[in-house]
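File shown: protein-v7.txt (compact mmCIF, C-alpha atoms).
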```txt
# COMPACT_ATOMS: atom_id res chain seq x y z
CA MET A 1 27.75 -43.76 10.74
CA TYR A 2 30.52 -46.06 9.56
CA ILE A 3 30.97 -49.30 11.51
CA ASN A 4 34.18 -51.24 10.98
CA HIS A 5 33.29 -54.87 10.67
CA ASN A 6 36.63 -56.09 11.98
CA THR A 7 36.13 -53.96 15.07
CA ILE A 8 32.77 -55.58 15.77
CA PHE A 9 33.42 -59.15 14.75
CA GLY A 10 37.18 -59.49 15.19
CA LYS A 11 39.46 -61.29 12.75
CA LYS A 12 38.37 -64.67 11.40
CA ASP A 13 40.22 -67.81 12.46
CA ALA A 14 40.45 -70.11 9.44
CA ASP A 15 40.01 -73.26 11.55
CA THR A 16 37.15 -72.14 13.74
CA ALA A 17 35.33 -69.39 11.86
CA TYR A 18 32.87 -71.87 10.37
CA ARG A 19 32.45 -75.39 11.68
CA ALA A 20 29.91 -76.08 9.00
CA SER A 21 28.26 -73.95 6.41
CA ASN A 22 24.82 -74.73 7.79
CA THR A 23 25.58 -74.45 11.50
CA ASN A 24 22.48 -73.26 13.33
CA PHE A 25 23.29 -71.21 16.41
CA SER A 26 19.84 -71.79 17.77
CA LYS A 27 20.81 -72.12 21.44
CA PRO A 28 22.79 -69.77 23.67
CA GLU A 29 25.35 -72.49 24.42
CA ASP A 30 26.00 -72.86 20.69
CA PHE A 31 27.02 -69.23 20.64
CA ASN A 32 30.00 -70.24 22.81
CA SER A 33 31.59 -71.77 19.71
CA GLY A 34 35.06 -71.15 18.39
CA PHE A 35 33.63 -68.43 16.16
CA ALA A 36 31.97 -66.62 19.03
CA GLN A 37 35.08 -66.86 21.19
CA ASN A 38 37.21 -65.66 18.30
CA THR A 39 35.07 -62.78 17.21
CA ILE A 40 33.82 -61.18 20.41
CA GLU A 41 36.76 -60.70 22.71
CA ASN A 42 36.73 -61.51 26.43
CA ASN A 43 33.68 -63.70 25.93
CA ALA A 44 31.43 -60.70 25.48
CA TYR A 45 28.37 -62.96 25.53
CA LYS A 46 28.83 -63.45 29.26
CA GLU A 47 28.82 -59.66 29.73
CA PHE A 48 25.97 -58.54 27.56
CA GLY A 49 24.95 -61.25 25.07
CA LYS A 50 22.65 -63.17 27.42
CA SER A 51 20.75 -60.06 28.48
CA ILE A 52 20.23 -59.09 24.86
CA PHE A 53 19.11 -62.59 23.95
CA ASP A 54 16.85 -63.12 26.93
CA ASN A 55 15.30 -59.69 27.02
CA GLU A 56 15.35 -58.56 23.42
CA ILE A 57 14.99 -61.75 21.41
CA ASN A 58 13.11 -64.14 23.67
CA GLU A 59 10.68 -61.45 24.80
CA ASN A 60 10.26 -60.61 21.11
CA LYS A 61 10.70 -56.84 21.63
CA PHE A 62 12.01 -56.34 18.11
CA GLN A 63 11.54 -57.90 14.73
CA THR A 64 14.47 -59.86 13.30
CA LYS A 65 15.20 -59.84 9.64
CA SER A 66 17.28 -62.76 8.35
CA TYR A 67 18.42 -61.03 5.19
CA SER A 68 20.39 -58.30 6.95
CA SER A 69 22.09 -60.77 9.32
CA GLN A 70 23.06 -62.89 6.34
CA GLU A 71 24.45 -59.81 4.64
CA ILE A 72 26.50 -58.67 7.64
CA PHE A 73 27.71 -62.18 8.38
CA ALA A 74 28.78 -62.74 4.77
CA THR A 75 30.70 -59.46 4.72
CA VAL A 76 33.19 -60.66 7.33
CA SER A 77 33.57 -64.17 5.96
CA SER A 78 35.50 -65.47 3.02
CA SER A 79 33.29 -68.47 2.37
CA GLY A 80 30.34 -70.46 3.68
CA THR A 81 26.78 -69.56 4.43
CA VAL A 82 24.76 -68.89 7.53
CA ASP A 83 21.43 -70.25 8.47
CA ASP A 84 18.98 -67.48 7.76
CA LYS A 85 16.05 -68.75 9.82
CA SER A 86 14.33 -65.81 11.38
CA ASP A 87 14.51 -67.30 14.89
CA THR A 88 18.29 -67.74 14.77
CA LYS A 89 19.46 -65.92 17.86
CA PHE A 90 22.87 -65.13 16.49
CA GLY A 91 21.21 -63.74 13.42
CA ALA A 92 18.92 -61.79 15.69
CA LEU A 93 21.91 -60.29 17.50
CA LEU A 94 23.40 -59.28 14.18
CA ASP A 95 20.07 -57.76 13.23
CA PHE A 96 19.91 -55.93 16.51
CA VAL A 97 23.37 -54.41 15.97
CA ASP A 98 22.73 -53.74 12.28
CA ASN A 99 19.32 -52.13 12.68
CA ASN A 100 20.16 -50.15 15.81
CA SER A 101 23.78 -49.13 15.36
CA ASP A 102 22.92 -45.41 15.59
CA ALA A 103 21.08 -45.91 18.86
CA ILE A 104 23.90 -48.03 20.31
CA SER A 105 26.55 -45.52 19.22
CA LYS A 106 24.53 -42.64 20.65
CA LYS A 107 24.17 -44.38 23.98
CA ILE A 108 27.88 -45.19 24.11
CA ASN A 109 29.03 -41.70 23.22
CA SER A 110 26.54 -39.60 25.15
CA ASN A 111 25.18 -41.98 27.80
CA GLU A 112 21.74 -40.70 26.87
CA ASP A 113 18.72 -42.86 27.39
CA CYS A 114 17.83 -43.95 23.89
CA THR A 115 16.00 -46.78 22.23
CA PRO A 116 16.59 -48.78 19.06
CA LYS A 117 14.86 -47.51 15.97
CA GLU A 118 11.56 -48.96 14.97
CA GLU A 119 11.26 -50.32 11.47
CA SER A 120 7.48 -50.18 11.16
CA ASP A 121 4.43 -49.93 13.32
CA GLU A 122 3.40 -53.45 12.40
CA ALA A 123 6.80 -54.97 13.18
CA ILE A 124 7.20 -53.18 16.54
CA PRO A 125 3.91 -52.39 18.20
CA VAL A 126 5.73 -51.36 21.37
CA LYS A 127 8.87 -49.23 21.10
CA PRO A 128 11.77 -51.31 22.54
CA SER A 129 14.10 -50.13 25.23
CA PHE A 130 17.46 -51.31 26.51
CA PRO A 131 17.25 -53.82 29.39
CA LYS A 132 18.01 -52.46 32.83
CA ASP A 133 21.08 -54.74 33.11
CA PHE A 134 22.38 -53.68 29.72
CA ASN A 135 26.19 -53.45 30.07
CA LEU A 136 27.86 -50.81 27.93
CA SER A 137 31.44 -51.73 28.76
CA GLU A 138 31.85 -54.37 26.08
CA LEU A 139 30.05 -52.38 23.44
CA GLU A 140 32.37 -49.46 24.21
CA LYS A 141 35.30 -51.75 23.43
CA LEU A 142 33.71 -53.03 20.25
CA PHE A 143 32.37 -49.75 18.84
CA GLY A 144 34.97 -47.49 20.37
CA LYS A 145 33.72 -44.59 22.44
CA THR A 146 34.52 -41.32 20.75
CA THR A 147 34.58 -37.73 21.82
CA PRO A 148 32.63 -35.45 19.49
CA GLU A 149 34.94 -33.11 17.63
CA THR A 150 34.55 -29.45 18.41
CA PRO A 151 34.60 -27.53 15.14
CA GLU A 152 37.40 -25.02 14.77
CA PRO A 153 36.09 -21.48 15.11
CA GLU A 154 36.05 -19.70 11.78
CA ASP A 155 38.43 -16.81 11.40
CA GLN A 156 36.55 -13.62 11.92
CA VAL A 157 37.42 -11.28 9.07
CA GLU A 158 36.57 -7.74 10.01
CA GLU A 159 35.28 -5.64 7.17
CA PRO A 160 37.25 -2.41 6.82
CA SER A 161 35.32 0.53 8.18
CA GLY A 162 34.82 3.69 6.19
CA LYS A 163 32.21 5.29 3.99
CA PHE A 164 33.65 4.08 0.69
CA ASP A 165 34.24 0.69 -0.87
CA ILE A 166 37.96 0.98 -1.47
CA ASN A 167 38.99 -2.51 -2.63
CA SER A 168 42.35 -1.83 -4.35
CA LYS A 169 40.89 -2.51 -7.81
CA ILE A 170 40.31 -0.19 -10.72
CA GLU A 171 36.79 -0.63 -12.01
CA GLU A 172 34.39 1.39 -14.17
CA SER A 173 34.67 5.17 -14.00
CA SER A 174 33.87 8.29 -15.99
CA GLN A 175 36.03 11.40 -16.25
CA GLY A 176 34.84 14.52 -14.44
CA LEU A 177 35.43 18.18 -15.31
CA ILE A 178 39.17 18.15 -14.57
CA GLY A 179 41.38 17.40 -17.59
CA ASP A 180 43.01 14.31 -16.15
CA CYS A 181 42.28 11.86 -18.97
CA TRP A 182 45.99 11.04 -18.82
CA LEU A 183 45.67 9.71 -15.25
CA LEU A 184 42.51 7.69 -15.95
CA ALA A 185 43.90 6.27 -19.21
CA GLY A 186 47.09 5.19 -17.45
CA LEU A 187 45.19 3.55 -14.58
CA ASN A 188 42.83 1.78 -16.96
CA SER A 189 45.76 0.51 -19.01
CA LEU A 190 47.46 -0.95 -15.94
CA SER A 191 44.23 -2.59 -14.83
CA LEU A 192 43.98 -4.52 -18.12
CA THR A 193 46.96 -6.74 -17.21
CA GLU A 194 47.38 -9.22 -14.36
CA ASN A 195 50.67 -7.70 -13.24
CA GLY A 196 49.14 -4.26 -13.48
CA LYS A 197 46.25 -5.33 -11.25
CA GLN A 198 48.78 -6.47 -8.66
CA ILE A 199 50.65 -3.16 -8.88
CA ILE A 200 47.39 -1.32 -8.21
CA LYS A 201 46.53 -3.65 -5.34
CA ASP A 202 49.93 -3.02 -3.77
CA SER A 203 49.51 0.74 -4.24
CA ILE A 204 46.14 1.20 -2.52
CA THR A 205 45.41 0.42 1.14
CA ASN A 206 42.13 0.67 2.98
CA ASN A 207 43.31 1.43 6.50
CA GLY A 208 40.03 0.31 8.05
CA ASP A 209 39.63 3.48 10.09
CA GLY A 210 38.03 5.80 7.55
CA THR A 211 41.32 6.67 5.87
CA TYR A 212 42.94 5.31 2.71
CA THR A 213 46.56 5.35 1.57
CA VAL A 214 48.08 5.48 -1.91
CA HIS A 215 51.75 4.46 -2.19
CA PHE A 216 53.91 6.15 -4.81
CA LYS A 217 56.76 3.74 -5.42
CA GLY A 218 58.10 5.94 -8.21
CA ILE A 219 59.03 8.61 -5.68
CA SER A 220 60.35 6.22 -3.02
CA GLU A 221 59.41 2.99 -1.25
CA THR A 222 58.07 5.02 1.66
CA CYS A 223 56.29 7.80 -0.21
CA SER A 224 52.54 7.65 0.39
CA CYS A 225 49.53 9.90 0.72
CA GLU A 226 46.65 9.36 3.14
CA ILE A 227 43.16 10.52 2.23
CA PRO A 228 40.31 10.63 4.80
CA ASP A 229 36.65 9.84 4.20
CA GLU A 230 35.73 13.51 4.40
CA SER A 231 37.99 14.47 1.47
CA LEU A 232 36.68 11.63 -0.68
CA GLU A 233 33.11 12.58 0.14
CA SER A 234 33.65 16.25 -0.72
CA ALA A 235 35.44 15.42 -3.98
CA ASP A 236 32.74 12.93 -4.94
CA GLU A 237 30.05 15.58 -4.55
CA SER A 238 31.95 18.26 -6.48
CA GLY A 239 31.64 16.70 -9.94
CA LEU A 240 35.20 17.78 -10.76
CA TYR A 241 36.70 14.34 -10.34
CA ALA A 242 35.88 10.94 -11.81
CA SER A 243 32.58 9.32 -10.92
CA GLY A 244 32.06 5.61 -10.47
CA ASP A 245 34.80 3.54 -8.87
CA LYS A 246 36.01 5.21 -5.68
CA ASP A 247 39.50 3.71 -6.01
CA VAL A 248 39.93 5.90 -9.08
CA LEU A 249 38.74 8.93 -7.12
CA LEU A 250 41.18 8.06 -4.33
CA VAL A 251 44.14 7.89 -6.75
CA GLU A 252 43.08 11.23 -8.26
CA LEU A 253 43.08 12.97 -4.86
CA ALA A 254 46.33 11.37 -3.74
CA THR A 255 48.07 12.27 -7.02
CA GLU A 256 46.72 15.82 -6.80
CA THR A 257 48.19 16.06 -3.30
CA LEU A 258 51.55 14.69 -4.45
CA LEU A 259 51.77 17.01 -7.47
CA THR A 260 50.88 19.98 -5.24
CA ALA A 261 53.76 19.01 -2.98
CA LEU A 262 56.01 18.91 -6.07
CA GLN A 263 54.77 22.36 -7.05
CA ASN A 264 55.66 23.65 -3.59
CA GLY A 265 59.08 22.01 -3.57
CA GLU A 266 58.13 19.76 -0.66
CA VAL A 267 58.88 16.61 -2.69
CA ASN A 268 61.69 15.98 -5.14
CA LEU A 269 61.61 13.57 -8.05
CA PRO A 270 64.32 10.86 -8.33
CA ASP A 271 66.99 11.29 -10.99
CA ASN A 272 65.45 8.66 -13.31
CA ALA A 273 61.95 10.19 -13.17
CA PRO A 274 60.42 11.70 -16.29
CA LYS A 275 59.63 15.39 -16.37
CA LEU A 276 56.04 15.21 -15.21
CA LEU A 277 53.73 17.35 -17.31
CA TYR A 278 51.38 18.91 -14.80
CA ASN A 279 49.73 22.29 -14.54
CA GLU A 280 52.04 24.42 -12.42
CA LYS A 281 49.56 27.22 -11.82
CA GLY A 282 46.08 25.70 -11.64
CA ASN A 283 44.96 22.26 -10.57
CA PRO A 284 47.99 20.00 -11.12
CA LEU A 285 45.76 17.23 -12.45
CA ASP A 286 44.77 19.38 -15.42
CA GLY A 287 47.17 18.02 -18.02
CA GLY A 288 49.72 15.22 -18.16
CA TYR A 289 50.76 11.92 -19.75
CA PRO A 290 49.51 8.41 -18.94
CA SER A 291 53.15 7.54 -18.37
CA ASP A 292 53.19 10.00 -15.44
CA ILE A 293 50.79 7.98 -13.26
CA VAL A 294 52.34 4.70 -14.41
CA TYR A 295 55.76 5.96 -13.30
CA LEU A 296 54.45 7.24 -9.95
CA LEU A 297 52.96 3.81 -9.13
CA THR A 298 55.69 1.57 -10.59
CA GLY A 299 58.91 3.57 -10.79
CA LYS A 300 59.20 2.51 -14.47
CA ASN A 301 59.25 4.70 -17.56
CA MET A 302 57.04 4.02 -20.55
CA GLU A 303 58.31 4.33 -24.10
CA TYR A 304 56.96 7.50 -25.70
CA LYS A 305 56.90 8.35 -29.42
CA ASN A 306 55.02 11.13 -31.22
CA ILE A 307 54.66 12.74 -34.65
CA LEU A 308 56.45 15.97 -33.65
CA ASP A 309 59.95 17.01 -34.52
CA GLU A 310 62.43 18.56 -32.09
CA ASN A 311 60.81 21.95 -32.60
CA SER A 312 57.36 20.53 -31.75
CA LYS A 313 56.32 20.86 -35.37
CA CYS A 314 54.28 18.03 -36.93
CA LEU A 315 56.27 15.61 -39.08
CA LYS A 316 55.56 15.63 -42.78
CA GLY A 317 56.10 13.47 -45.83
CA ASP A 318 58.35 10.45 -45.45
CA GLU A 319 59.05 11.13 -41.79
CA LEU A 320 55.36 11.03 -40.93
CA GLU A 321 54.80 7.89 -43.00
CA ASN A 322 57.79 6.30 -41.26
CA PHE A 323 56.11 6.95 -37.91
CA TYR A 324 52.83 5.38 -39.04
CA ASN A 325 54.31 2.43 -40.94
CA ASN A 326 57.19 1.53 -38.65
CA GLU A 327 57.02 2.98 -35.16
CA LEU A 328 53.26 2.82 -34.73
CA GLU A 329 53.13 -0.65 -36.30
CA SER A 330 55.85 -1.77 -33.90
CA PHE A 331 53.62 -0.58 -31.03
CA TYR A 332 50.68 -2.57 -32.43
CA THR A 333 52.80 -5.68 -32.98
CA ARG A 334 53.95 -5.76 -29.37
CA PHE A 335 50.34 -5.64 -28.23
CA GLU A 336 49.48 -8.54 -30.53
CA GLN A 337 52.44 -10.61 -29.35
CA ASN A 338 52.08 -9.79 -25.63
CA PRO A 339 48.36 -9.26 -25.04
CA ASP A 340 48.51 -10.20 -21.34
CA SER A 341 51.40 -7.93 -20.38
CA SER A 342 51.12 -4.89 -22.65
CA CYS A 343 50.22 -1.56 -21.09
CA GLY A 344 49.74 1.21 -23.62
CA CYS A 345 47.87 4.37 -24.58
CA LEU A 346 47.29 6.50 -27.65
CA HIS A 347 47.18 10.30 -27.69
CA ILE A 348 44.56 11.79 -30.00
CA LYS A 349 45.69 15.09 -31.51
CA LEU A 350 43.58 18.20 -31.21
CA GLU A 351 41.72 19.66 -34.14
CA ASP A 352 39.40 22.57 -34.63
CA GLU A 353 36.38 20.27 -34.63
CA ASP A 354 35.33 17.21 -32.70
CA ILE A 355 37.08 14.12 -34.02
CA ILE A 356 34.38 11.60 -34.91
CA VAL A 357 35.18 8.30 -36.65
CA LYS A 358 33.29 5.14 -37.59
CA ASP A 359 33.84 1.98 -35.61
CA ILE A 360 33.92 -1.44 -37.32
CA TYR A 361 30.12 -1.61 -37.07
CA GLY A 362 29.59 1.74 -38.78
CA ASN A 363 28.67 3.62 -35.60
CA ASN A 364 29.93 7.17 -35.02
CA THR A 365 32.49 7.40 -32.21
CA LYS A 366 33.82 10.66 -30.80
CA LEU A 367 37.54 10.38 -30.02
CA THR A 368 38.00 13.89 -28.61
CA LYS A 369 36.37 17.30 -28.46
CA ALA A 370 37.39 20.25 -30.55
CA GLY A 371 40.56 21.92 -29.31
CA ASP A 372 41.51 19.10 -26.89
CA ASN A 373 44.29 16.58 -26.86
CA HIS A 374 43.01 13.33 -25.39
CA SER A 375 44.42 10.04 -24.10
CA VAL A 376 42.76 6.65 -24.51
CA SER A 377 43.76 3.17 -23.34
CA VAL A 378 44.54 0.38 -25.78
CA LYS A 379 42.85 -2.84 -24.76
CA SER A 380 43.80 -5.10 -27.66
CA VAL A 381 45.12 -5.12 -31.21
CA ASP A 382 44.75 -7.51 -34.14
CA GLU A 383 45.91 -7.39 -37.72
CA ASN A 384 43.54 -4.66 -38.83
CA THR A 385 41.85 -3.15 -35.78
CA VAL A 386 42.51 -1.50 -32.42
CA THR A 387 40.16 -1.76 -29.43
CA LEU A 388 40.15 1.35 -27.24
CA ILE A 389 38.75 2.38 -23.85
CA ASN A 390 37.95 6.06 -23.47
CA PRO A 391 38.26 7.53 -19.95
CA TRP A 392 35.03 9.41 -20.61
CA ASP A 393 33.36 6.06 -19.87
CA SER A 394 35.57 3.08 -19.15
CA SER A 395 32.59 0.71 -19.13
CA THR A 396 32.45 0.81 -22.94
CA GLU A 397 35.03 -0.09 -25.54
CA VAL A 398 35.21 0.65 -29.23
CA THR A 399 36.98 -1.18 -32.05
CA ILE A 400 38.27 0.90 -34.96
CA GLU A 401 40.13 0.08 -38.15
CA LYS A 402 43.82 1.00 -37.97
CA ASP A 403 43.61 2.97 -41.21
CA THR A 404 40.64 4.96 -39.87
CA LEU A 405 42.51 5.81 -36.66
CA LYS A 406 45.95 6.49 -38.13
CA ASN A 407 45.69 10.15 -39.09
CA HIS A 408 44.26 11.14 -35.71
CA ILE A 409 47.12 9.81 -33.61
CA LEU A 410 49.53 12.25 -32.02
CA ALA A 411 51.63 9.79 -29.98
CA TYR A 412 51.73 6.42 -28.24
CA GLU A 413 53.09 5.17 -24.92
CA TYR A 414 54.02 1.56 -24.21
CA MET A 415 55.38 -0.59 -21.42
CA GLU A 416 55.47 -4.34 -20.87
CA VAL A 417 54.28 -4.82 -17.30
```
What is this file in structure tokens?
Amino acid sequence: MYINHNTIFGKKDADTAYRASNTNFSKPEDFNSGFAQNTIENNAYKEFGKSIFDNEINENKFQTKSYSSQEIFATVSSSGTVDDKSDTKFGALLDFVDNNSDAISKKINSNEDCTPKEESDEAIPVKPSFPKDFNLSELEKLFGKTTPETPEPEDQVEEPSGKFDINSKIEESSQGLIGDCWLLAGLNSLSLTENGKQIIKDSITNNGDGTYTVHFKGISETCSCEIPDESLESADESGLYASGDKDVLLVELATETLLTALQNGEVNLPDNAPKLLYNEKGNPLDGGYPSDIVYLLTGKNMEYKNILDENSKCLKGDELENFYNNELESFYTRFEQNPDSSCGCLHIKLEDEDIIVKDIYGNNTKLTKAGDNHSVSVKSVDENTVTLINPWDSSTEVTIEKDTLKNHILAYEYMEV
């Protein structure tokens, strides 16, 4: 408890605060000095001082301690000393207030029957109590009666209901049986940037009623797809879709629903939309570009460059070297210069055998399976290496020398988020 000394003792009067540095207020009438009149308003001694003196001091119901009275007295004075004899009644009053301020405050504020604290069994063989004629009115003025503050009730935040922890974040996942590495690579790439994380957060809503909504800004501001718990649960058990983070699974199902609507002509793409590469006969998730999901969530097109000519034949000679040395290096440079805002993916070209390369530590790393194109997310780039995240398992990353990776690259996609 904090006690304001000016509140208790009043403001000092320079002429009357101390008549002499060794004044001994040893008698009640001496307490009616200029100091007493100046420091306890309305002659508080007449109201409660005498009862305290007569009952508490003279009957010796508590032990005085001269040091504390000296300390309190000196705090409110600018000079002079006070007699510190243990039988000084003014000192005893100061001791009484000092040693029992909590009890006094409690009595004032709650009107409970309480007693001053005991300092030791030897000092106070009998626990003291307030005199029957103890008058609280003056102490209320001096201490200030307060009303206990009622704490503000904490806002009750209701946890969204539903079977799945949909938190609008893209976390660790592993690709299922469907060939939607493009979708997972695009999502993972967005999630590696702060702006991309916000885009994802704005795109996914847990409705709190067992349903979840994905918003496709690339189609329109109002285009969205709602997925219920039951559909998520069924898809999760099938093994076809990604395992791990359920936000990823939610985006898969919502995108599958949207692409099916496109197949059926129920939804039309805006004029500035890319030609989405989706399977028009089987599951629409089976095939695509990372830029497809990025466009659907942002409405922005990624830059796309590959090693194919206009007839879809692989570039050769100088044209191929130009791609590697200029266009691909430009892609890498932008990642180096804008590491916090670069969203990008690499396409690994298909070959007759699994593509297995060495990482910078000499470990074998499979980039793709035989006969499959594959998309991976670029996490970071430095002068000589590229760090990739494979949608097969987004919890792991691999760092590979640029020269080792170069001949296996089919294309890149880039956007500054």
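Take the candidates A:Asn279, A:Asn325, A:Asn100, A:Asn364 and check each one against A:Asp403 using only C-alpha atoms; the shortest distance goes to A:Asn325.
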A:Asn390, A:Asn272, A:Thr385, A:Ser243 ranked by distance to A:Lys406, top pick (using all atoms listed in the file) |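 Result for the nearest residue to A:Lys406: A:Thr385.
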Residue with the minimum atom-to-atom distance to A:Asp209, picked from A:Ile166, A:Leu269, A:Glu256, A:Asn326 with only C-alpha atoms counted, is A:Ile166
Would you mind listing what lies within 9 Å of A:Val417 as a VMD selection string, with all atoms listed in the file counted and same-chain residues fewer than 6 positions away left out?
-> chain A and resid 190 193 to 196 340 to 343
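Contact shell of A:Leu277 at 7 Å (only C-alpha atoms; same-chain neighbours under 3 positions omitted): A:Gly287, A:Gly288, A:Tyr289.
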Okay, now the selection with C-alpha atoms, as a compact mmCIF listing (two decimals), in the coordinates of the input?
```
# COMPACT_ATOMS: atom_id res chain seq x y z
CA GLY A 287 47.17 18.02 -18.02
CA GLY A 288 49.72 15.22 -18.16
CA TYR A 289 50.76 11.92 -19.75
```
Suppose you want the space between atom CA of A:Ser238 and atom CA of A:Cys345; what is it in Å?
-> 27.8 Å
Which centre and edge lengths in Å to one decimal define the box along x, y and z that fits every listed atom of stretch 410-413 of chain A plus 8 Å per side, as lines of an AutoDock Vina configuration file?
```
center_x = 51.3
center_y = 8.7
center_z = -28.5
size_x = 19.6
size_y = 23.1
size_z = 23.1
```
Report as a tab-separated table the residues of stretch 273-299 of chain A within 8 Å of stretch 168-189 of chain A, each with its shortest atom pair and distance in Å (one decimal), using only C-alpha atoms, ordered by chain and increasing residue number.
```
residue	atom	partner	partner_atom	distance
A:Leu285	CA	A:Asp180	CA	5.5
A:Asp286	CA	A:Gly179	CA	4.5
A:Gly287	CA	A:Gly179	CA	5.8
A:Gly288	CA	A:Trp182	CA	5.6
A:Tyr289	CA	A:Trp182	CA	4.9
A:Pro290	CA	A:Gly186	CA	4.3
A:Ser291	CA	A:Gly186	CA	6.6
A:Asp292	CA	A:Leu183	CA	7.5
A:Ile293	CA	A:Leu183	CA	5.8
A:Val294	CA	A:Gly186	CA	6.1
```
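What separates atom CA of A:Asp354 from atom CA of A:Thr368 is a distance of 5.9 Å.
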With distances taken over all atoms listed in the file, which of A:Lys300, A:Val267, A:Leu240, A:Asn338 is nearest to A:Cys223?
->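 Closest candidate: A:Val267.
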Figure out the distance between atom CA of A:Pro391 and atom CA of A:Ser375, please, to one decimal in Å.
-> 7.8 Å
